[in-house]
file upload.csv (CSV, C-alpha atoms)
chain,number,residue,atom,x,y,z
A,1,MET,CA,120.7,89.3,115.1
A,2,ASN,CA,121.2,86.3,112.8
A,3,LYS,CA,120.5,85.8,109.1
A,4,GLU,CA,117.0,84.5,109.6
A,5,GLU,CA,116.1,87.5,111.7
A,6,LEU,CA,117.6,89.9,109.2
A,7,PHE,CA,115.6,88.2,106.5
A,8,ASN,CA,112.4,88.3,108.4
A,9,LEU,CA,113.0,92.0,109.2
A,10,ARG,CA,113.5,93.0,105.7
A,11,HIS,CA,110.8,90.7,104.4
A,12,ALA,CA,108.3,92.3,106.8
A,13,SER,CA,109.4,95.7,105.7
A,14,ALA,CA,108.9,94.9,102.0
A,15,ARG,CA,105.6,93.1,102.7
A,16,ASN,CA,104.3,96.2,104.5
A,17,VAL,CA,103.0,97.4,101.1
A,18,ILE,CA,99.9,95.3,101.6
A,19,GLU,CA,99.2,96.7,105.0
A,20,ARG,CA,99.6,100.2,103.5
A,21,ILE,CA,97.2,99.5,100.7
A,22,PHE,CA,94.6,98.1,103.2
A,23,GLY,CA,95.0,101.3,105.2
A,24,VAL,CA,94.4,103.4,102.1
A,25,LEU,CA,91.4,101.4,101.0
A,26,LYS,CA,89.7,101.4,104.4
A,27,ARG,CA,90.3,105.1,104.9
A,28,ARG,CA,89.2,106.0,101.4
A,29,PHE,CA,86.0,103.9,101.4
A,30,ARG,CA,84.3,104.0,104.8
A,31,ILE,CA,81.6,101.5,103.6
A,32,LEU,CA,84.2,98.9,104.4
A,33,LEU,CA,83.9,99.6,108.1
A,34,LEU,CA,80.2,98.9,108.0
A,35,SER,CA,78.3,95.7,107.4
A,36,PRO,CA,75.6,96.6,104.9
A,37,GLU,CA,72.5,94.6,104.8
A,38,TYR,CA,72.7,93.5,101.1
A,39,THR,CA,72.7,89.9,100.0
A,40,MET,CA,76.1,88.2,100.5
A,41,ASP,CA,76.6,88.2,96.7
A,42,ILE,CA,76.4,92.0,96.7
A,43,GLN,CA,78.5,92.3,99.9
A,44,ALA,CA,81.2,90.2,98.3
A,45,ARG,CA,81.3,92.4,95.2
A,46,ILE,CA,81.9,95.6,97.2
A,47,PRO,CA,85.5,95.1,98.1
A,48,ALA,CA,86.4,93.9,94.6
A,49,ALA,CA,84.7,97.0,93.1
A,50,LEU,CA,86.5,99.3,95.5
A,51,CYS,CA,89.9,97.7,94.5
A,52,ALA,CA,89.2,98.5,90.9
A,53,ILE,CA,88.1,102.1,91.8
A,54,HIS,CA,91.2,102.5,94.0
A,55,ASN,CA,93.4,101.5,91.0
A,56,PHE,CA,91.6,103.8,88.7
A,57,ILE,CA,92.2,106.7,91.1
A,58,ARG,CA,95.8,105.7,91.5
A,59,THR,CA,96.3,105.7,87.7
A,60,HIS,CA,94.5,108.9,87.0
A,61,ASP,CA,94.8,111.2,90.0
A,62,HIS,CA,98.1,111.3,91.6
A,63,ASP,CA,97.2,114.3,93.8
A,64,GLU,CA,94.4,112.5,95.4
A,65,ALA,CA,96.4,109.3,95.9
A,66,ALA,CA,99.3,111.3,97.5
A,67,GLN,CA,96.8,113.0,99.9
A,68,VAL,CA,95.3,109.8,101.2
A,69,GLU,CA,98.7,108.4,101.8
A,70,ALA,CA,99.9,111.5,103.6
A,71,GLU,CA,96.9,111.2,105.9
A,72,LEU,CA,97.7,107.6,106.5
A,73,ALA,CA,101.2,108.4,107.4
A,74,THR,CA,100.1,110.6,110.2
A,75,ASP,CA,97.9,107.9,111.6
A,76,PRO,CA,100.1,104.9,112.3
A,77,HIS,CA,97.3,102.9,113.7
A,78,SER,CA,95.0,103.0,110.8
A,79,ASN,CA,96.9,100.5,108.7
A,80,LEU,CA,97.5,97.9,111.3
A,81,ASP,CA,95.7,94.7,111.2
A,82,TYR,CA,95.8,92.8,114.5
A,83,GLU,CA,96.8,89.6,112.9
A,84,ASN,CA,98.7,86.9,114.5
A,85,PRO,CA,99.7,84.8,111.5
A,86,GLU,CA,101.4,82.1,113.7
A,87,GLN,CA,98.1,81.2,115.1
A,88,GLN,CA,96.7,80.2,111.7
A,89,GLY,CA,99.7,77.8,111.4
A,90,ILE,CA,99.5,75.4,108.5
A,91,PRO,CA,101.9,72.7,107.7
A,92,ASP,CA,104.1,74.2,105.1
A,93,ASP,CA,106.4,71.3,104.3
A,94,GLU,CA,104.1,69.0,102.5
A,95,LEU,CA,103.2,71.3,99.6
A,96,ASP,CA,104.5,71.0,96.1
A,97,GLY,CA,107.4,73.3,95.6
A,98,SER,CA,107.8,74.1,99.2
A,99,ARG,CA,111.4,72.9,99.1
A,100,ASP,CA,112.3,75.1,96.2
A,101,MET,CA,111.0,78.2,97.9
A,102,LYS,CA,112.7,77.3,101.1
A,103,GLU,CA,116.0,76.9,99.3
A,104,ALA,CA,115.4,80.2,97.6
A,105,ARG,CA,114.7,81.8,101.0
A,106,ASP,CA,117.9,80.3,102.5
A,107,HIS,CA,119.8,81.6,99.5
A,108,ILE,CA,118.4,85.1,99.9
A,109,ALA,CA,119.0,85.1,103.6
A,110,ARG,CA,122.6,84.0,103.2
A,111,HIS,CA,123.3,86.6,100.5
A,112,MET,CA,121.6,89.4,102.6
A,113,TRP,CA,123.6,88.4,105.7
A,114,ASP,CA,126.9,88.2,103.9
A,115,ASP,CA,126.4,91.7,102.4
A,116,TYR,CA,125.3,93.0,105.8
A,117,GLN,CA,128.4,91.6,107.5
A,118,ALA,CA,130.6,93.1,104.8
A,119,ILE,CA,129.1,96.5,105.3
A,120,LEU,CA,129.4,96.3,109.1
A,121,GLN,CA,133.1,95.3,108.7
A,122,GLU,CA,133.8,98.0,106.3
A,123,ARG,CA,132.5,100.5,108.7
A,124,GLY,CA,134.2,99.0,111.7
A,125,MET,CA,130.8,98.3,113.3
A,126,LEU,CA,131.2,94.6,113.8
A,127,ASP,CA,131.8,94.7,117.6
A,128,SER,CA,129.3,97.4,118.3
A,129,ASP,CA,125.8,96.7,119.2
A,130,SER,CA,124.6,98.2,115.9
A,131,ASP,CA,121.1,98.1,114.7
A,132,GLU,CA,120.0,97.5,111.1
A,133,ASP,CA,118.9,101.1,111.1
A,134,ASP,CA,122.3,102.4,112.0
A,135,ILE,CA,123.5,101.4,108.6
A,136,GLU,CA,123.1,104.2,106.2
A,137,TYR,CA,123.0,103.2,102.6
A,138,ASP,CA,123.8,105.4,99.7
B,1,MET,CA,76.5,100.4,89.4
B,2,LEU,CA,78.4,98.1,91.7
B,3,HIS,CA,78.4,95.4,89.0
B,4,ILE,CA,80.0,97.8,86.5
B,5,PHE,CA,83.0,98.3,88.8
B,6,ALA,CA,83.2,94.7,89.9
B,7,SER,CA,82.9,93.1,86.5
B,8,PRO,CA,84.7,93.3,83.1
B,9,PRO,CA,85.7,95.4,81.4
B,10,PHE,CA,86.2,98.0,84.2
B,11,TYR,CA,87.4,95.6,86.8
B,12,THR,CA,89.7,93.6,84.5
B,13,THR,CA,91.1,96.8,83.0
B,14,HIS,CA,92.2,98.0,86.4
B,15,VAL,CA,92.9,94.9,88.5
B,16,TYR,CA,95.1,92.3,86.8
B,17,LEU,CA,98.1,90.2,87.7
B,18,PRO,CA,101.4,90.8,85.9
B,19,ASP,CA,101.9,88.1,83.3
B,20,ASP,CA,105.1,86.4,82.0
B,21,SER,CA,105.6,89.0,79.3
B,22,ASP,CA,105.7,91.7,82.0
B,23,SER,CA,108.7,90.2,83.6
B,24,ASP,CA,111.0,91.9,81.0
B,25,ASP,CA,109.8,95.3,82.3
B,26,GLY,CA,112.3,94.9,85.1
B,27,VAL,CA,112.1,95.1,88.8
B,28,PRO,CA,109.9,97.8,90.4
B,29,GLY,CA,111.7,100.9,91.5
B,30,GLU,CA,110.5,100.4,95.1
B,31,ILE,CA,112.7,97.3,95.2
B,32,ARG,CA,115.5,98.3,92.9
B,33,ASN,CA,116.1,101.6,94.6
B,34,ASN,CA,116.2,100.3,98.2
B,35,PRO,CA,119.5,98.6,99.1
B,36,LYS,CA,117.8,96.7,101.8
B,37,PHE,CA,115.6,95.0,99.2
B,38,TRP,CA,117.8,94.9,96.2
B,39,PRO,CA,118.9,92.5,94.8
B,40,TYR,CA,117.4,90.1,97.3
B,41,PHE,CA,113.8,90.5,96.4
B,42,LYS,CA,114.3,91.1,92.7
B,43,ASN,CA,111.7,88.4,91.8
B,44,ALA,CA,109.0,89.7,94.2
B,45,ILE,CA,106.0,91.1,92.4
B,46,GLY,CA,104.2,92.3,95.4
B,47,ALA,CA,102.6,91.1,98.6
B,48,ILE,CA,99.4,89.2,99.5
B,49,ASP,CA,97.3,89.0,102.6
B,50,GLY,CA,93.8,88.3,103.8
B,51,SER,CA,91.7,91.1,105.3
B,52,HIS,CA,88.5,90.7,107.3
B,53,ILE,CA,85.8,93.0,106.2
B,54,HIS,CA,82.6,93.3,108.2
B,55,ALA,CA,79.7,91.3,106.8
B,56,HIS,CA,76.0,90.8,107.4
B,57,PRO,CA,75.2,87.3,106.4
B,58,PRO,CA,71.7,85.7,106.9
B,59,SER,CA,71.3,84.6,110.5
B,60,SER,CA,71.5,80.9,109.6
B,61,ASP,CA,75.1,81.4,108.4
B,62,ARG,CA,76.3,83.8,111.0
B,63,SER,CA,78.4,81.3,112.9
B,64,SER,CA,80.6,80.4,109.9
B,65,TYR,CA,81.2,84.1,109.2
B,66,ARG,CA,82.4,84.7,112.7
B,67,ASN,CA,86.2,85.0,112.6
B,68,ARG,CA,88.9,84.3,115.2
B,69,LYS,CA,88.8,87.9,116.4
B,70,GLY,CA,85.1,87.4,117.2
B,71,PHE,CA,83.4,89.6,114.7
B,72,VAL,CA,81.3,88.6,111.7
B,73,SER,CA,83.2,89.1,108.5
B,74,GLN,CA,84.1,88.0,105.0
B,75,ASN,CA,87.7,87.0,104.6
B,76,CYS,CA,89.0,88.7,101.4
B,77,LEU,CA,92.4,87.8,99.9
B,78,PHE,CA,94.2,90.6,98.2
B,79,ALA,CA,97.4,90.9,96.3
B,80,CYS,CA,99.1,94.2,95.4
B,81,GLY,CA,102.2,95.4,93.6
B,82,PHE,CA,104.8,97.7,95.1
B,83,ASP,CA,103.2,100.6,93.3
B,84,LEU,CA,100.3,100.3,95.7
B,85,LYS,CA,97.8,99.0,93.2
B,86,PHE,CA,95.7,95.9,93.7
B,87,THR,CA,96.5,93.0,91.3
B,88,TYR,CA,94.1,90.4,92.6
B,89,ALA,CA,91.1,90.0,94.9
B,90,LEU,CA,89.1,87.0,96.0
B,91,THR,CA,86.2,88.1,98.2
B,92,GLY,CA,83.2,86.6,99.9
B,93,TRP,CA,84.8,83.8,101.9
B,94,GLU,CA,83.3,83.1,105.4
B,95,GLY,CA,85.2,84.9,108.1
B,96,SER,CA,86.1,81.5,109.7
B,97,ALA,CA,88.2,80.5,106.7
B,98,THR,CA,91.9,80.9,107.2
B,99,ASP,CA,94.1,82.9,104.8
B,100,ALA,CA,95.7,79.7,103.7
B,101,ARG,CA,92.3,78.2,102.8
B,102,VAL,CA,91.3,81.2,100.7
B,103,PHE,CA,94.7,81.2,99.1
B,104,GLU,CA,94.3,77.5,98.1
B,105,GLU,CA,91.0,78.3,96.5
B,106,ALA,CA,92.4,81.3,94.7
B,107,ARG,CA,95.3,79.2,93.4
B,108,SER,CA,92.9,76.6,92.1
B,109,LYS,CA,91.0,79.3,90.2
B,110,ASP,CA,92.5,82.3,88.6
B,111,PHE,CA,95.4,83.4,90.8
B,112,ILE,CA,98.3,82.7,88.5
B,113,ILE,CA,101.8,83.7,89.6
B,114,PRO,CA,104.3,83.9,86.7
B,115,ASN,CA,107.0,81.3,86.8
B,116,GLY,CA,110.0,82.3,88.8
B,117,LYS,CA,108.2,85.2,90.5
B,118,TYR,CA,106.6,85.3,93.9
B,119,PHE,CA,104.5,87.4,96.3
B,120,LEU,CA,105.6,88.1,99.8
B,121,ALA,CA,103.2,86.7,102.4
B,122,ASP,CA,103.1,86.3,106.2
B,123,ALA,CA,103.4,83.1,108.2
B,124,GLY,CA,99.7,82.3,107.8
B,125,PHE,CA,100.4,81.3,104.2
B,126,PRO,CA,102.1,78.1,103.1
B,127,SER,CA,105.7,78.0,101.7
B,128,CYS,CA,105.1,77.0,98.1
B,129,ASN,CA,106.0,78.0,94.6
B,130,GLY,CA,105.0,81.6,94.1
B,131,LEU,CA,105.1,82.7,97.8
B,132,LEU,CA,108.0,83.8,99.9
B,133,VAL,CA,107.1,83.5,103.6
B,134,PRO,CA,109.1,84.4,106.7
B,135,TYR,CA,111.1,81.9,108.8
B,136,ARG,CA,108.9,80.6,111.6
B,137,GLY,CA,110.0,80.5,115.2
B,138,VAL,CA,112.4,83.3,114.6
B,139,ARG,CA,111.5,86.4,116.4
B,140,TYR,CA,111.1,89.6,114.5
B,141,HIS,CA,114.1,91.7,115.5
B,142,LEU,CA,113.2,94.9,117.2
B,143,ALA,CA,115.8,97.1,115.6
B,144,GLU,CA,113.6,98.2,112.8
B,145,TRP,CA,111.2,99.8,115.1
B,146,SER,CA,113.7,101.2,117.6
B,147,ARG,CA,113.6,104.6,115.9
B,148,ALA,CA,109.8,104.6,115.5
B,149,SER,CA,107.5,105.8,118.2
B,150,LEU,CA,107.2,103.6,121.2
B,151,ARG,CA,103.4,103.4,120.6
B,152,TYR,CA,104.0,101.9,117.2
B,153,VAL,CA,106.4,99.4,118.7
B,154,THR,CA,103.9,98.3,121.3
B,155,VAL,CA,101.0,98.0,118.9
B,156,ILE,CA,102.9,95.9,116.4
B,157,LEU,CA,104.4,93.5,118.9
B,158,ILE,CA,101.7,92.9,121.5
B,159,PRO,CA,99.7,90.5,119.3
B,160,TYR,CA,102.8,88.6,118.5
B,161,LEU,CA,104.2,88.4,122.0
B,162,LYS,CA,100.9,87.4,123.5
B,163,HIS,CA,101.0,84.1,121.6
B,164,SER,CA,104.7,83.6,121.8
B,165,ASN,CA,106.5,81.5,124.4
B,166,THR,CA,109.6,83.6,124.1
B,167,THR,CA,110.2,86.1,126.8
B,168,HIS,CA,111.2,89.5,125.4
B,169,THR,CA,112.8,91.2,128.3
B,170,ASP,CA,114.0,94.0,126.1
B,171,LEU,CA,110.5,95.3,125.8
call {"tool": "encode", "arguments": {"input": "upload.csv", "output": "structure tokens"}}
result
Amino acid sequence: MNKEELFNLRHASARNVIERIFGVLKRRFRILLLSPEYTMDIQARIPAALCAIHNFIRTHDHDEAAQVEAELATDPHSNLDYENPEQQGIPDDELDGSRDMKEARDHIARHMWDDYQAILQERGMLDSDSDEDDIEYD
Amino acid sequence: MLHIFASPPFYTTHVYLPDDSDSDDGVPGEIRNNPKFWPYFKNAIGAIDGSHIHAHPPSSDRSSYRNRKGFVSQNCLFACGFDLKFTYALTGWEGSATDARVFEEARSKDFIIPNGKYFLADAGFPSCNGLLVPYRGVRYHLAEWSRASLRYVTVILIPYLKHSNTTHTDL
């Protein structure tokens, strides 16, 4: 593993919140799995309305929200989107601000990696073939 | 009824982006309490992604609504916070539009990301102010999934490997 891989690993793990919310939304509102024969204007409003209702439920009914998530947790496939983002590749070095965010990313990756190495060293795990998951954090 | 939920005031009361004044509220617990994320992602305010939702356009428009996966859809861009609430939605784009294209449109309209903050996005999005994307051409290390079920590992990685030139003999 190198610092870019560690960054991508943790980035994917933090980004997973969007996959989870899609899973909850699609499980909660089955209409999203159909293609209803309304005008496109109406069809476009459906997901937006459901987002608002989802947030409303989340704010006002914690039991219900917890139940949907628990169901989701037992069904690891329900929240997976078979995306291959690489395929949509877009040039990302010609945009305003791209350099700033790339520098920020390098900074985060370096910081993460240094801390990770320090923890491995502290625990005498540098030479072992240890996984990220072998590290237990307090 | 649909319009009530998808329009102000209901919609805007429940779906809104954090603004600059919210930045003093601190970092969400989901980031702060996880040593794998803290302090690295302290400026992250959530994640964004596109999602294809089945659509039924007029037959004359069907081809532009057909997405890369072969089904007819609208591509919807969503953002959410770490508290699992939506903060933004842009719906109704033809399924053939890429996430980057829908994002560009959102950005030119009402998708305002507070200064110094960013959303986490996948490699289908541009690296630009307000978005933190993964390194490209770097494989996702398998360690994270090594304790998960094998089925989960397979499902996650097959779409990635299929289009990758790298040989992953460790699978």
call {"tool": "residues_near_point", "arguments": {"input": "upload.csv", "point": "(120.9, 83.8, 108.1)", "cutoff": "8 Å", "atoms": "all atoms listed in the file", "output": "list in words"}}
result
Asn2, Lys3, Glu4, Glu5, Leu6, Phe7, Asp106, Ala109, Arg110, Met112 and Trp113 of chain A
call {"tool": "residues_around", "arguments": {"input": "upload.csv", "residues": "Gly81 of chain B", "least_positions_apart": "5", "cutoff": "12 Å", "atoms": "all atoms listed in the file", "output": "count of residues only"}}
result
30
call {"tool": "interface_residues", "arguments": {"input": "upload.csv", "of": "chain B", "to": "chain A", "cutoff": "7 Å", "atoms": "all atoms listed in the file", "output": "ChimeraX atom specification"}}
result
/B:2,5-6,11,14-15,35-36,40,47-49,53-57,80,82,84-86,89,91-92,98,120-124,126-129,132,134-135,138-141,143-144,152,159-160
call {"tool": "atom_distance", "arguments": {"input": "upload.csv", "atom1": "atom CA of Phe71 of chain B", "atom2": "atom CA of Gly95 of chain B"}}
result
8.3 Å
call {"tool": "atom_distance", "arguments": {"input": "upload.csv", "atom1": "atom CA of Arg136 of chain B", "atom2": "atom CA of Arg66 of chain B"}}
result
26.8 Å
call {"tool": "atom_distance", "arguments": {"input": "upload.csv", "atom1": "atom CA of Glu105 of chain B", "atom2": "atom CA of Leu90 of chain B"}}
result
8.9 Å
